[in-house]
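Peer 1: This is the structure, below, for whatever I ask next.
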Number of protein chains: 2
Amino acid sequence: MKIVIVGGVAGGASAAARARRLSEDAEIIVLERGEYVSFANCGLPYHIGGVIPERQSLILKTPQDFKTRFNIDVRVRHEVLAIDPEQKSVTVKNLTTGENYTETWDRLLLSTGAAPIVPPLPGLNETGVFSLRSINDMDAIIAWIKQHDVSHATLVGGGFIGLEVMEALTERGMSVTLLEMGNQVMAPVDPEMASALHQEIRNHGVDLRLKTALKQVTRDVAGLSVELSSGEKLRTGMVLLAIGVKPESRLATDAGIATGERGGIRVNAQMQTSVPGIYAVGDAVETQDLVFQSPTLIPLAGPANRQGRIAADNMLMNRGSTYRGSQGTAICKVFSLSIGSCGANEKQLAARGRRYEKVYVHSADHASYYPGAAMISLKLLFDPQNGTILGAQASGQNGVDKRIDVLAVAQRAGMKVADLEHLELTYAPPFNSARDVVNQAGMVATNVLFGDTAICHASDIQQLDPATQCLLDIRNPGELTQFGEYPNALSIPLDTLRENLGRLPKDKEILIGCQSGLRGHVAYRILTAQGFRARNLSGGFKTWQAVLQATE
Amino acid sequence: MKIVIVGGVAGGASAAARARRLSEDAEIIVLERGEYVSFANCGLPYHIGGVIPERQSLILKTPQDFKTRFNIDVRVRHEVLAIDPEQKSVTVKNLTTGENYTETWDRLLLSTGAAPIVPPLPGLNETGVFSLRSINDMDAIIAWIKQHDVSHATLVGGGFIGLEVMEALTERGMSVTLLEMGNQVMAPVDPEMASALHQEIRNHGVDLRLKTALKQVTRDVAGLSVELSSGEKLRTGMVLLAIGVKPESRLATDAGIATGERGGIRVNAQMQTSVPGIYAVGDAVETQDLVFQSPTLIPLAGPANRQGRIAADNMLMNRGSTYRGSQGTAICKVFSLSIGSCGANEKQLAARGRRYEKVYVHSADHASYYPGAAMISLKLLFDPQNGTILGAQASGQNGVDKRIDVLAVAQRAGMKVADLEHLELTYAPPFNSARDVVNQAGMVATNVLFGDTAICHASDIQQLDPATQCLLDIRNPGELTQFGEYPNALSIPLDTLRENLGRLPKDKEILIGCQSGLRGHVAYRILTAQGFRARNLSGGFKTWQAVLQATE
C-alpha cells in the first residue's frame, strides 16, 4: 500500500503518523509545498508578540523526525500540481530544483488547507501588506516590524487571527487599528456577547473600528496609508489581512473531485472524496455541522487532527472510523478576557429559521468568597420544545474554556438542557461554585421549558408598549445608581415587592428587570402567584447593557 | 402546605429557597441547630489560612435575608429533638431560651448533615483538640492559634479537610504534621495518583506521615503532645481531627426512618425516606452510586444543593424530579497542585471484583510551546469489553478541574471511551492542545479496546519473568540519565528500533517502556508488525515511578 499525502501540517501530519502506526509496510510520502511540516500554526501570532520567544519551538517536527521515528518520506518544497485519478498519480514540482515528476499512489490524501482571503482592493500588493498563514509569513512580518521600526499596524478582520495578532502587537508596544466590516468581532458569538470583547479591546488602547472596511492601501514617499470605507485615511506601518480563509480546493476540482456550496472538498464521514481512493481532511473540506446536519467549513486544528486520524484508519483498513460532525467549538484569548463558543449561534439559527430560545447567566467562575473570582457570562441556546442544546457562548477572565468544554460534551452526547442541572462537576472554592454556571444555565432553561418561568429579552424591553406592558426594576436603589437605570421603569426592590403589589397594574404584563436575571425569577414567581402576568428579562441589566452596546 | 426543614446549610437552604419559588403560599420553616444558616462550610479552611480575609464573606445569608427575600421563617439555635411521624410533628428545643415546643408539618425535610468522626482515643477531650465543621469551630481554631501563638499543628486524616487545613496552616507560616493511617492521602484517587500529591506536600515542608495513626493526645505543663502508632511522641500546639464524617441520622432512626448499611438515611430518587411525607438530602443520606448502582455516601456540597432542589420539587408537586445518582466528582487544591476524580477508583473496582482496565496519559495542559504549560497526569478506568467509562483521576498544576469535568459529563452521558477522541473541545494555545489529554486518553483506551495495542502495568514489570519476558526501554540515553532507569531493561532508543530488531529475543514477550507511554505504542506497532509479542507500559516511566513511590 502506497499512501501519498498532500500537505504536511495538522491533518496531513496526523494522518501520516497514524498510518504508520497502523501499518509498518505501507509506503508513506508527504508532499509539502512549504518549507516546514507539522508546525504550530496556531502559535504564529504569539511568536510575533514575543510571548513565545523561541521560533524553534513552533517547529514541532522536521522531515528527519518523520523519517527516523515513523519511516515516513516527507518532502518539503514539493508542490503537487495535478492529480490524475485514472492513473492514480500526482504531478509534483520540486520547488528547489524546479524539476517536475510523477508519483503514483494507492491512496491519496488531500490536506491542502485554506488560504487567506485577499479581497480585490487596490494596493494589496504593496510591500508591508501581509497575511499570516505560514512560518515564512511570520518571519516576514517580524522582519518588517524590526526593519522599519513599525509603531502602528492596521489589521483587517476581527476573527481569530486578527484578534490574536492585535493582542500580540499591542503587547509588543505597537499601536493597532483593527478594522472590522461587520458590527462585531469574533463572528462565532453573537453581537451582545462580543460587547465585552469590544470593551476589553478598547480598554487596551486598540483603535477598534466596527462597520468599517478597508478600501485601499497606498504608498507614497512617507510610507503606507490605508483608506477606509468611512473616507478616512490613516498612516500605518504595516497592514495584515485577516479577513478569513477559503479552502484550497483547486487541485481537487481540477481533478474532478466534487466540492460543496462553500467551496470545500466534499467528503463523507469516512473522509472519502467523490473519487474512490482519494481522501481529504482539514481546512480544505466541508464536514457535517452537528446542529444543522448540513455541510460547513470549520478551519480549526482540532477537527483537522481528528480527521487525519480517521482518514488513515479508512485508507488502510475498513474499520468504520467516522468523523462525527463539527460543533465549531472555539475559544480566543484577548488580553485578560477569554471568549468561546460551541454549536450554533443565534445569527445562524435566525437565518435558518430554526426554532430556538436563549437564556443568559452571569455568575462567578468560582466561589465568590474565594479570592480572584470573576464573572462568566454565558448564553445558552436551546430548542424551546424539546430542550435540545443548540449552542453556547461564554466570556470571562477565567474558566470560559471549561464551561464551553462541558457544554460541548453535553451537546455532543445529545443531552438536553434539563440534564445540565444534574451534571456533577468538580467543586472546591478555588475552582467553582457548588452550583456551576452551567448547572445554573440548565436550571434557568429548564424553568423556561417546564413553564416555571417566562422570560423576555432586550428587544421586548425596547419594543415595550406602555398601554399593555409595564417595566418593573426590582434592584436596590444603590444598584440603580451604580449600574444605571432601565428606561421608564417602575422601581420596587425585590425585598419589598410582597408589600407593594398594589402599586403594580393588574391589567398589564409586567416585564421584570434585575441585575443578572436571577432575582427576577423570584419576583416572577411572587407576581404570577398573585395573578399577575409577567416575564423576567433573561440576563438582567448586564445583558441589557451588552445588547445596547452591540446596537450602538 | 407547611414545610419544616431540619438543617439550614447547603441542601436545607437550597430546598427552602426552591420551595418558595415554587409556591408563594407554602409556610416554610427552617430549624437550624447552629448559629448560622447557609454558610460557606467549604470556605472554612481558607479563612483559617487567611486566603479569605473576611469572616463575614463566609456567611452567605442571614435569617433576615431569608425572611425578606423568600418569606421563610429561619430559626437558628433551634434543635430538633424528635420526630413524630404519626402526629406529623417535631419537638424543637430553643437553645437560647431552653424552651421546648412542638412544630407540625405537612412535609418534613431532613438536612441534618454529617458529623466529624471522633475515634475512641484517650485525650481527645483536651482543649486544643478540634474538628472543623462550623463557623464556631473555625472561630475557636483561629482564636486558639492566636491566643497560644501556635507554631505546630497536628492534623489527623488526609482527606479534603485535612489537606485544605494543612495548606491553610502552612501558608500561615505554621509547621504541620499530617497523620494518615492509610498508605495515601486523598482517598478518592488511587495510591499511584496520590504520589505526586505526597511529593507536593513534602516539598512544602509538611511532615507527612503515612501509615501512621494517632494513639492518644496528652497534656502536661508544657502543653499538648500526640502519641503516634509508631511509638513516637510529638509536642504540638493543636490537634485537628479530620478523619472523615458520618451521617447524622439519629433523629431519623429514632423516628423509625430506614437507614442503609453505611448509616445514611435511605432515600429514593425523589429524596423520599421510608416514611411518607418525610424527605432527606445532603450528607445525611445514601444515594445511588452511578457506577455500582448501589448506595453510597457522598458528603459534598454540589450533590446536597441539587438534592435540596429536587426534594422541594417533590414536596410541593409531583413533577417527577429525580436525583440521578452520584459520581463523587471531587477536586482538591494542595499548594500548586490540583487533584481530582470522578466515578469509581481502582481500589473500589478491585474490591468489588468489577472488570476493568486502566490507561495513563501524561500530557501538557496547553500547547507546550505557549508559556506556562504544565503536565497533567490522567488515569482513565474503563470496562475493557464494552468501553464504559468507570472512573477518572487527574493531577497537575492547571486544568485538572476541566478534564475531570469533561470526563464527568461524558461518564454521566453514558459515553464510551471510543467517544472521547471525538470530543470537540476548545482549543487555542493558551488553553489546550489541539488534541486534549482527554482525547488522548480516549485514543489510548480505544486502541486497547480494539486490540490496536496491548498494554501492561507496573505490576507486570515488577513480576517480570526473565525466562519468558524481556523489558525494552526505548527512551534516549539522555532520558535514562535524567529520569532514571527501569530495572534490568534492554535499551534501544525508538528511533533506532527498526535497525535493531535482531537484538530482541523472538521467543519472549517484550514489555516496552518509554517515558510517558506515548512512544511505546509506536514501538509496539513496529514490533508486532514484525511478529514479536509485545505490550506497552501504560503511562511509561512517569507512572512506573509513581507506582514505586506509592509502594515504598
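Chain lettering (A, B, ...) mirrors the order of the C-alpha cells, residue numbering begins at 1 for each chain separately, and ligand numbering begins at 1 in order of display.
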Residues within 8 Å of B:Met443, please, as a list in words. Count only C-alpha atoms; anything in the same chain fewer than 3 positions from it doesn't count.
Peer 2: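 Using only C-alpha atoms, the neighbours found are Val417, Ala418, Leu420, Glu421, Asn439, Gln440, Thr446 and Asn447 of chain B.
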Peer 1: Select residues of chain B: the criterion is any atom within 6 Å of an atom of chain A, counting only C-alpha atoms; output as a ChimeraX atom specification.
Peer 2: /B:21,52,57,68-69,301-302,329-331,369-370,402,405-406,425-426,434,495,522,525
Peer 1: Could you dump the residues just selected with N, CA, C and O atoms as a compact mmCIF listing (two decimals), in the first residue's frame?
Peer 2:
```txt
# COMPACT_ATOMS: atom_id res chain seq x y z
N ARG B 21 -39.89 29.52 45.68
CA ARG B 21 -40.06 29.89 44.26
C ARG B 21 -41.19 29.08 43.62
O ARG B 21 -41.85 29.55 42.70
N ILE B 52 -9.01 33.77 52.59
CA ILE B 52 -10.27 34.53 52.63
C ILE B 52 -10.18 35.42 53.86
O ILE B 52 -10.35 34.95 54.99
N SER B 57 -17.59 37.15 54.79
CA SER B 57 -17.88 36.68 53.43
C SER B 57 -18.27 35.20 53.41
O SER B 57 -18.77 34.70 52.41
N THR B 68 -36.85 38.39 54.31
CA THR B 68 -37.24 39.46 53.39
C THR B 68 -37.30 38.96 51.95
O THR B 68 -38.21 39.30 51.22
N ARG B 69 -36.31 38.16 51.56
CA ARG B 69 -36.29 37.73 50.17
C ARG B 69 -37.31 36.64 49.88
O ARG B 69 -38.00 36.66 48.87
N ALA B 301 -20.93 19.33 48.65
CA ALA B 301 -21.89 20.43 48.58
C ALA B 301 -22.74 20.41 47.31
O ALA B 301 -23.92 20.72 47.33
N GLY B 302 -22.12 20.05 46.19
CA GLY B 302 -22.84 20.07 44.91
C GLY B 302 -24.05 19.15 44.94
O GLY B 302 -25.18 19.60 44.71
N THR B 329 -17.81 13.24 42.00
CA THR B 329 -16.87 14.16 41.36
C THR B 329 -16.28 15.10 42.40
O THR B 329 -17.04 15.73 43.15
N ALA B 330 -14.97 15.18 42.47
CA ALA B 330 -14.36 15.98 43.53
C ALA B 330 -13.00 16.49 43.09
O ALA B 330 -12.38 15.95 42.18
N ILE B 331 -12.57 17.55 43.75
CA ILE B 331 -11.26 18.12 43.45
C ILE B 331 -10.70 18.76 44.71
O ILE B 331 -11.46 19.18 45.59
N TYR B 369 4.38 24.83 23.53
CA TYR B 369 5.21 25.96 23.09
C TYR B 369 4.70 27.29 23.65
O TYR B 369 5.36 28.32 23.51
N TYR B 370 3.52 27.28 24.26
CA TYR B 370 2.99 28.50 24.86
C TYR B 370 3.38 28.52 26.34
O TYR B 370 3.28 27.51 27.02
N LYS B 402 -10.97 21.08 34.66
CA LYS B 402 -11.60 21.00 33.34
C LYS B 402 -11.65 19.56 32.83
O LYS B 402 -12.68 19.12 32.33
N ASP B 405 -14.12 17.50 34.77
CA ASP B 405 -15.47 17.90 34.39
C ASP B 405 -15.88 17.30 33.06
O ASP B 405 -16.99 16.78 32.90
N VAL B 406 -14.98 17.39 32.09
CA VAL B 406 -15.27 16.83 30.77
C VAL B 406 -15.57 15.33 30.89
O VAL B 406 -16.55 14.82 30.33
N LEU B 425 -13.27 19.95 21.77
CA LEU B 425 -13.06 20.83 22.91
C LEU B 425 -12.40 22.12 22.47
O LEU B 425 -11.77 22.18 21.42
N THR B 426 -12.56 23.15 23.29
CA THR B 426 -11.96 24.44 22.95
C THR B 426 -10.46 24.31 22.79
O THR B 426 -9.79 23.72 23.63
N ALA B 434 -4.36 20.89 20.49
CA ALA B 434 -5.36 20.51 19.51
C ALA B 434 -5.92 19.13 19.86
O ALA B 434 -7.07 18.81 19.57
N ASP B 495 14.03 5.53 17.87
CA ASP B 495 14.39 5.93 16.51
C ASP B 495 15.42 5.01 15.86
O ASP B 495 15.73 5.16 14.68
N VAL B 522 4.17 3.37 19.52
CA VAL B 522 4.83 3.32 18.20
C VAL B 522 5.75 2.09 18.15
O VAL B 522 5.73 1.32 17.18
N ARG B 525 3.77 -1.07 17.78
CA ARG B 525 3.30 -1.33 16.41
C ARG B 525 4.43 -1.85 15.53
O ARG B 525 4.22 -2.74 14.69
```
Peer 1: Find the residues around B:Gly157 up to 10 Å (only C-alpha atoms counted), leave out those fewer than 3 positions away in its own chain, and share them as JSON, numbers by chain.
Peer 2: {"B": [154, 160, 161, 162, 163, 178, 179, 180, 181, 182, 185, 186, 210, 212, 213, 214, 240, 241, 242, 243, 244]}
Peer 1: Just N, CA, C and O atoms for this one: save the residues we selected as a PDB file, in the first residue's frame.
Peer 2:
```
ATOM      1  N   THR B 154      -0.962  19.419  64.548  1.00  0.00           N
ATOM      2  CA  THR B 154      -1.050  18.026  64.117  1.00  0.00           C
ATOM      3  C   THR B 154      -2.428  17.801  63.510  1.00  0.00           C
ATOM      4  O   THR B 154      -3.448  18.032  64.166  1.00  0.00           O
ATOM      5  N   PHE B 160     -10.148  15.711  52.351  1.00  0.00           N
ATOM      6  CA  PHE B 160     -10.262  17.089  51.864  1.00  0.00           C
ATOM      7  C   PHE B 160      -9.982  18.108  52.971  1.00  0.00           C
ATOM      8  O   PHE B 160      -9.186  19.016  52.798  1.00  0.00           O
ATOM      9  N   ILE B 161     -10.644  17.945  54.114  1.00  0.00           N
ATOM     10  CA  ILE B 161     -10.491  18.930  55.189  1.00  0.00           C
ATOM     11  C   ILE B 161      -9.052  18.933  55.697  1.00  0.00           C
ATOM     12  O   ILE B 161      -8.437  19.990  55.867  1.00  0.00           O
ATOM     13  N   GLY B 162      -8.507  17.751  55.901  1.00  0.00           N
ATOM     14  CA  GLY B 162      -7.131  17.668  56.388  1.00  0.00           C
ATOM     15  C   GLY B 162      -6.166  18.353  55.440  1.00  0.00           C
ATOM     16  O   GLY B 162      -5.287  19.119  55.852  1.00  0.00           O
ATOM     17  N   LEU B 163      -6.348  18.110  54.139  1.00  0.00           N
ATOM     18  CA  LEU B 163      -5.433  18.679  53.144  1.00  0.00           C
ATOM     19  C   LEU B 163      -5.608  20.193  53.050  1.00  0.00           C
ATOM     20  O   LEU B 163      -4.634  20.938  52.949  1.00  0.00           O
ATOM     21  N   LEU B 178       1.053  15.937  59.347  1.00  0.00           N
ATOM     22  CA  LEU B 178      -0.190  15.341  58.858  1.00  0.00           C
ATOM     23  C   LEU B 178      -0.110  13.832  59.035  1.00  0.00           C
ATOM     24  O   LEU B 178       0.752  13.169  58.450  1.00  0.00           O
ATOM     25  N   LEU B 179      -0.993  13.298  59.846  1.00  0.00           N
ATOM     26  CA  LEU B 179      -1.036  11.857  60.083  1.00  0.00           C
ATOM     27  C   LEU B 179      -2.096  11.210  59.197  1.00  0.00           C
ATOM     28  O   LEU B 179      -3.228  11.681  59.139  1.00  0.00           O
ATOM     29  N   GLU B 180      -1.715  10.141  58.534  1.00  0.00           N
ATOM     30  CA  GLU B 180      -2.686   9.417  57.711  1.00  0.00           C
ATOM     31  C   GLU B 180      -2.472   7.925  57.956  1.00  0.00           C
ATOM     32  O   GLU B 180      -1.377   7.409  57.745  1.00  0.00           O
ATOM     33  N   MET B 181      -3.513   7.277  58.404  1.00  0.00           N
ATOM     34  CA  MET B 181      -3.434   5.867  58.750  1.00  0.00           C
ATOM     35  C   MET B 181      -3.149   4.997  57.522  1.00  0.00           C
ATOM     36  O   MET B 181      -2.437   4.010  57.590  1.00  0.00           O
ATOM     37  N   GLY B 182      -3.752   5.385  56.397  1.00  0.00           N
ATOM     38  CA  GLY B 182      -3.586   4.600  55.179  1.00  0.00           C
ATOM     39  C   GLY B 182      -2.248   4.888  54.502  1.00  0.00           C
ATOM     40  O   GLY B 182      -1.420   5.643  55.010  1.00  0.00           O
ATOM     41  N   VAL B 185      -2.872   9.869  51.023  1.00  0.00           N
ATOM     42  CA  VAL B 185      -3.897  10.865  51.330  1.00  0.00           C
ATOM     43  C   VAL B 185      -4.885  10.880  50.161  1.00  0.00           C
ATOM     44  O   VAL B 185      -4.699  10.166  49.177  1.00  0.00           O
ATOM     45  N   MET B 186      -5.951  11.667  50.288  1.00  0.00           N
ATOM     46  CA  MET B 186      -6.921  11.856  49.197  1.00  0.00           C
ATOM     47  C   MET B 186      -7.447  10.511  48.684  1.00  0.00           C
ATOM     48  O   MET B 186      -7.177  10.082  47.555  1.00  0.00           O
ATOM     49  N   LEU B 210       2.575   8.797  56.531  1.00  0.00           N
ATOM     50  CA  LEU B 210       1.611   7.809  56.053  1.00  0.00           C
ATOM     51  C   LEU B 210       1.687   6.573  56.946  1.00  0.00           C
ATOM     52  O   LEU B 210       2.658   6.374  57.677  1.00  0.00           O
ATOM     53  N   THR B 212       0.425   5.965  59.564  1.00  0.00           N
ATOM     54  CA  THR B 212       0.676   6.373  60.943  1.00  0.00           C
ATOM     55  C   THR B 212      -0.628   6.869  61.566  1.00  0.00           C
ATOM     56  O   THR B 212      -1.259   7.781  61.027  1.00  0.00           O
ATOM     57  N   ALA B 213      -1.013   6.263  62.656  1.00  0.00           N
ATOM     58  CA  ALA B 213      -2.257   6.657  63.328  1.00  0.00           C
ATOM     59  C   ALA B 213      -1.948   7.431  64.599  1.00  0.00           C
ATOM     60  O   ALA B 213      -0.855   7.340  65.150  1.00  0.00           O
ATOM     61  N   LEU B 214      -2.932   8.191  65.014  1.00  0.00           N
ATOM     62  CA  LEU B 214      -2.864   8.843  66.310  1.00  0.00           C
ATOM     63  C   LEU B 214      -3.240   7.809  67.374  1.00  0.00           C
ATOM     64  O   LEU B 214      -4.202   7.066  67.207  1.00  0.00           O
ATOM     65  N   LEU B 240      -6.074  18.715  65.044  1.00  0.00           N
ATOM     66  CA  LEU B 240      -7.345  18.780  64.321  1.00  0.00           C
ATOM     67  C   LEU B 240      -7.703  17.378  63.843  1.00  0.00           C
ATOM     68  O   LEU B 240      -6.926  16.734  63.142  1.00  0.00           O
ATOM     69  N   LEU B 241      -8.884  16.937  64.223  1.00  0.00           N
ATOM     70  CA  LEU B 241      -9.368  15.632  63.761  1.00  0.00           C
ATOM     71  C   LEU B 241     -10.111  15.815  62.444  1.00  0.00           C
ATOM     72  O   LEU B 241     -11.110  16.531  62.377  1.00  0.00           O
ATOM     73  N   ALA B 242      -9.601  15.198  61.416  1.00  0.00           N
ATOM     74  CA  ALA B 242     -10.252  15.305  60.102  1.00  0.00           C
ATOM     75  C   ALA B 242     -10.241  13.925  59.460  1.00  0.00           C
ATOM     76  O   ALA B 242      -9.788  13.733  58.336  1.00  0.00           O
ATOM     77  N   ILE B 243     -10.745  12.982  60.221  1.00  0.00           N
ATOM     78  CA  ILE B 243     -10.697  11.576  59.796  1.00  0.00           C
ATOM     79  C   ILE B 243     -11.794  11.272  58.790  1.00  0.00           C
ATOM     80  O   ILE B 243     -11.694  10.352  57.986  1.00  0.00           O
ATOM     81  N   GLY B 244     -12.837  12.067  58.864  1.00  0.00           N
ATOM     82  CA  GLY B 244     -13.970  11.808  57.986  1.00  0.00           C
ATOM     83  C   GLY B 244     -15.242  12.198  58.722  1.00  0.00           C
ATOM     84  O   GLY B 244     -15.189  12.731  59.823  1.00  0.00           O
TER      85      GLY B 244
END
```
Peer 1: Using only C-alpha atoms, can you tell me which of A:Leu108, A:Ala19, A:Val448, A:Phe541 comes closest to A:Asn386?
Peer 2: A:Val448
Peer 1: If you run DSSP on the backbone, which residues of stretch 339-419 of chain A are helix (DSSP H, G or I), as JSON, numbers by chain?
Peer 2: {"A": [346, 347, 348, 349, 350, 351, 400, 401, 402, 403, 404, 405, 406, 407, 408, 409, 410, 411, 412, 417, 418, 419]}
Peer 1: With N, CA, C and O atoms kept, could you save the residues just selected as a PDB file, in the first residue's frame?
Peer 2:
```
ATOM      1  N   GLU A 346     -26.964  32.480  17.558  1.00  0.00           N
ATOM      2  CA  GLU A 346     -28.319  32.974  17.291  1.00  0.00           C
ATOM      3  C   GLU A 346     -28.450  33.497  15.866  1.00  0.00           C
ATOM      4  O   GLU A 346     -29.488  33.324  15.223  1.00  0.00           O
ATOM      5  N   LYS A 347     -27.374  34.126  15.366  1.00  0.00           N
ATOM      6  CA  LYS A 347     -27.416  34.637  13.992  1.00  0.00           C
ATOM      7  C   LYS A 347     -27.712  33.506  13.009  1.00  0.00           C
ATOM      8  O   LYS A 347     -28.547  33.640  12.101  1.00  0.00           O
ATOM      9  N   GLN A 348     -27.038  32.388  13.201  1.00  0.00           N
ATOM     10  CA  GLN A 348     -27.241  31.245  12.302  1.00  0.00           C
ATOM     11  C   GLN A 348     -28.630  30.646  12.471  1.00  0.00           C
ATOM     12  O   GLN A 348     -29.295  30.302  11.485  1.00  0.00           O
ATOM     13  N   LEU A 349     -29.061  30.527  13.723  1.00  0.00           N
ATOM     14  CA  LEU A 349     -30.379  29.933  13.980  1.00  0.00           C
ATOM     15  C   LEU A 349     -31.475  30.785  13.361  1.00  0.00           C
ATOM     16  O   LEU A 349     -32.407  30.270  12.734  1.00  0.00           O
ATOM     17  N   ALA A 350     -31.339  32.103  13.534  1.00  0.00           N
ATOM     18  CA  ALA A 350     -32.340  33.014  12.990  1.00  0.00           C
ATOM     19  C   ALA A 350     -32.326  32.965  11.459  1.00  0.00           C
ATOM     20  O   ALA A 350     -33.378  32.896  10.815  1.00  0.00           O
ATOM     21  N   ALA A 351     -31.122  32.976  10.885  1.00  0.00           N
ATOM     22  CA  ALA A 351     -31.012  32.985   9.420  1.00  0.00           C
ATOM     23  C   ALA A 351     -31.629  31.732   8.807  1.00  0.00           C
ATOM     24  O   ALA A 351     -32.185  31.767   7.714  1.00  0.00           O
ATOM     25  N   VAL A 400     -13.632  30.043  31.140  1.00  0.00           N
ATOM     26  CA  VAL A 400     -14.530  30.026  29.983  1.00  0.00           C
ATOM     27  C   VAL A 400     -14.321  28.737  29.187  1.00  0.00           C
ATOM     28  O   VAL A 400     -15.289  28.093  28.758  1.00  0.00           O
ATOM     29  N   ASP A 401     -13.058  28.356  29.018  1.00  0.00           N
ATOM     30  CA  ASP A 401     -12.758  27.125  28.280  1.00  0.00           C
ATOM     31  C   ASP A 401     -13.461  25.927  28.916  1.00  0.00           C
ATOM     32  O   ASP A 401     -14.054  25.098  28.229  1.00  0.00           O
ATOM     33  N   LYS A 402     -13.435  25.874  30.245  1.00  0.00           N
ATOM     34  CA  LYS A 402     -14.051  24.746  30.949  1.00  0.00           C
ATOM     35  C   LYS A 402     -15.548  24.683  30.702  1.00  0.00           C
ATOM     36  O   LYS A 402     -16.083  23.619  30.403  1.00  0.00           O
ATOM     37  N   ARG A 403     -16.217  25.821  30.792  1.00  0.00           N
ATOM     38  CA  ARG A 403     -17.678  25.802  30.618  1.00  0.00           C
ATOM     39  C   ARG A 403     -18.068  25.450  29.183  1.00  0.00           C
ATOM     40  O   ARG A 403     -19.037  24.714  28.955  1.00  0.00           O
ATOM     41  N   ILE A 404     -17.330  25.977  28.221  1.00  0.00           N
ATOM     42  CA  ILE A 404     -17.655  25.634  26.833  1.00  0.00           C
ATOM     43  C   ILE A 404     -17.361  24.144  26.588  1.00  0.00           C
ATOM     44  O   ILE A 404     -18.124  23.460  25.907  1.00  0.00           O
ATOM     45  N   ASP A 405     -16.276  23.647  27.167  1.00  0.00           N
ATOM     46  CA  ASP A 405     -15.984  22.220  27.011  1.00  0.00           C
ATOM     47  C   ASP A 405     -17.095  21.356  27.602  1.00  0.00           C
ATOM     48  O   ASP A 405     -17.529  20.376  26.994  1.00  0.00           O
ATOM     49  N   VAL A 406     -17.533  21.713  28.789  1.00  0.00           N
ATOM     50  CA  VAL A 406     -18.602  20.952  29.434  1.00  0.00           C
ATOM     51  C   VAL A 406     -19.850  20.952  28.545  1.00  0.00           C
ATOM     52  O   VAL A 406     -20.470  19.910  28.315  1.00  0.00           O
ATOM     53  N   LEU A 407     -20.178  22.113  28.007  1.00  0.00           N
ATOM     54  CA  LEU A 407     -21.372  22.197  27.165  1.00  0.00           C
ATOM     55  C   LEU A 407     -21.161  21.521  25.815  1.00  0.00           C
ATOM     56  O   LEU A 407     -22.094  20.950  25.253  1.00  0.00           O
ATOM     57  N   ALA A 408     -19.937  21.565  25.312  1.00  0.00           N
ATOM     58  CA  ALA A 408     -19.658  20.893  24.040  1.00  0.00           C
ATOM     59  C   ALA A 408     -19.814  19.381  24.189  1.00  0.00           C
ATOM     60  O   ALA A 408     -20.337  18.711  23.294  1.00  0.00           O
ATOM     61  N   VAL A 409     -19.369  18.850  25.321  1.00  0.00           N
ATOM     62  CA  VAL A 409     -19.538  17.407  25.557  1.00  0.00           C
ATOM     63  C   VAL A 409     -21.016  17.079  25.716  1.00  0.00           C
ATOM     64  O   VAL A 409     -21.526  16.129  25.121  1.00  0.00           O
ATOM     65  N   ALA A 410     -21.720  17.894  26.510  1.00  0.00           N
ATOM     66  CA  ALA A 410     -23.146  17.644  26.725  1.00  0.00           C
ATOM     67  C   ALA A 410     -23.909  17.692  25.401  1.00  0.00           C
ATOM     68  O   ALA A 410     -24.752  16.843  25.118  1.00  0.00           O
ATOM     69  N   GLN A 411     -23.574  18.695  24.577  1.00  0.00           N
ATOM     70  CA  GLN A 411     -24.249  18.815  23.284  1.00  0.00           C
ATOM     71  C   GLN A 411     -23.959  17.599  22.409  1.00  0.00           C
ATOM     72  O   GLN A 411     -24.862  17.015  21.822  1.00  0.00           O
ATOM     73  N   ARG A 412     -22.692  17.214  22.355  1.00  0.00           N
ATOM     74  CA  ARG A 412     -22.320  16.079  21.508  1.00  0.00           C
ATOM     75  C   ARG A 412     -22.969  14.794  21.997  1.00  0.00           C
ATOM     76  O   ARG A 412     -23.327  13.926  21.205  1.00  0.00           O
ATOM     77  N   VAL A 417     -31.227  20.381  27.831  1.00  0.00           N
ATOM     78  CA  VAL A 417     -30.962  21.393  28.861  1.00  0.00           C
ATOM     79  C   VAL A 417     -31.392  20.910  30.251  1.00  0.00           C
ATOM     80  O   VAL A 417     -30.780  21.270  31.250  1.00  0.00           O
ATOM     81  N   ALA A 418     -32.426  20.051  30.308  1.00  0.00           N
ATOM     82  CA  ALA A 418     -32.863  19.552  31.616  1.00  0.00           C
ATOM     83  C   ALA A 418     -31.836  18.626  32.254  1.00  0.00           C
ATOM     84  O   ALA A 418     -31.917  18.318  33.443  1.00  0.00           O
ATOM     85  N   ASP A 419     -30.872  18.163  31.465  1.00  0.00           N
ATOM     86  CA  ASP A 419     -29.811  17.323  32.038  1.00  0.00           C
ATOM     87  C   ASP A 419     -28.709  18.150  32.682  1.00  0.00           C
ATOM     88  O   ASP A 419     -27.918  17.633  33.473  1.00  0.00           O
TER      89      ASP A 419
END
```
Peer 1: Tell me which of A:Tyr101, A:Trp144, A:Tyr356, A:Phe292 sits closest to A:Val129, counting only C-alpha atoms.
Peer 2: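 Among the listed residues, A:Trp144 lies closest to A:Val129.
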Peer 1: Using atom CA of A:Gly50 and atom CA of A:Arg172 as the two end points, give the distance in Å to one decimal.
Peer 2: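 Pair atom CA of A:Gly50 / atom CA of A:Arg172 returns 7.1 Å.
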Peer 1: I need the residues in stretch 246-470 of chain B that are strand (DSSP E) according to DSSP; give them as a ChimeraX atom specification.
Peer 2: /B:246-247,265-266,278-280,285-288,295-296,330-334,337-343,357-364,375-382,389-396,455-456,469-470
Peer 1: Leaving out stretch 134-137 of chain A and any residue of its chain fewer than 2 positions from it, which residues lie within 8 Å of it when counting only C-alpha atoms, given as a VMD selection string?
Peer 2: chain A and resid 36 39 41 44 130 to 132 139 to 141
Peer 1: Tell me, as number ranges by chain, which residues lie within 6 Å of B:Val217, counting only C-alpha atoms; anything in the same chain fewer than 5 positions away does not count.
Peer 2: B: 123, 225-226
Peer 1: Just write the chosen residues, N, CA, C and O atoms, as a CSV table (one decimal), in the first residue's frame.
Peer 2:
```csv
chain,number,residue,atom,x,y,z
B,123,GLY,N,-7.7,11.3,75.4
B,123,GLY,CA,-7.2,12.7,75.3
B,123,GLY,C,-7.8,13.6,74.3
B,123,GLY,O,-7.5,14.7,74.2
B,225,SER,N,0.7,17.0,73.6
B,225,SER,CA,1.6,16.1,72.9
B,225,SER,C,0.7,15.1,72.2
B,225,SER,O,-0.4,14.8,72.7
B,226,VAL,N,1.2,14.6,71.1
B,226,VAL,CA,0.4,13.5,70.4
B,226,VAL,C,1.3,12.2,70.4
B,226,VAL,O,2.6,12.3,70.2
```
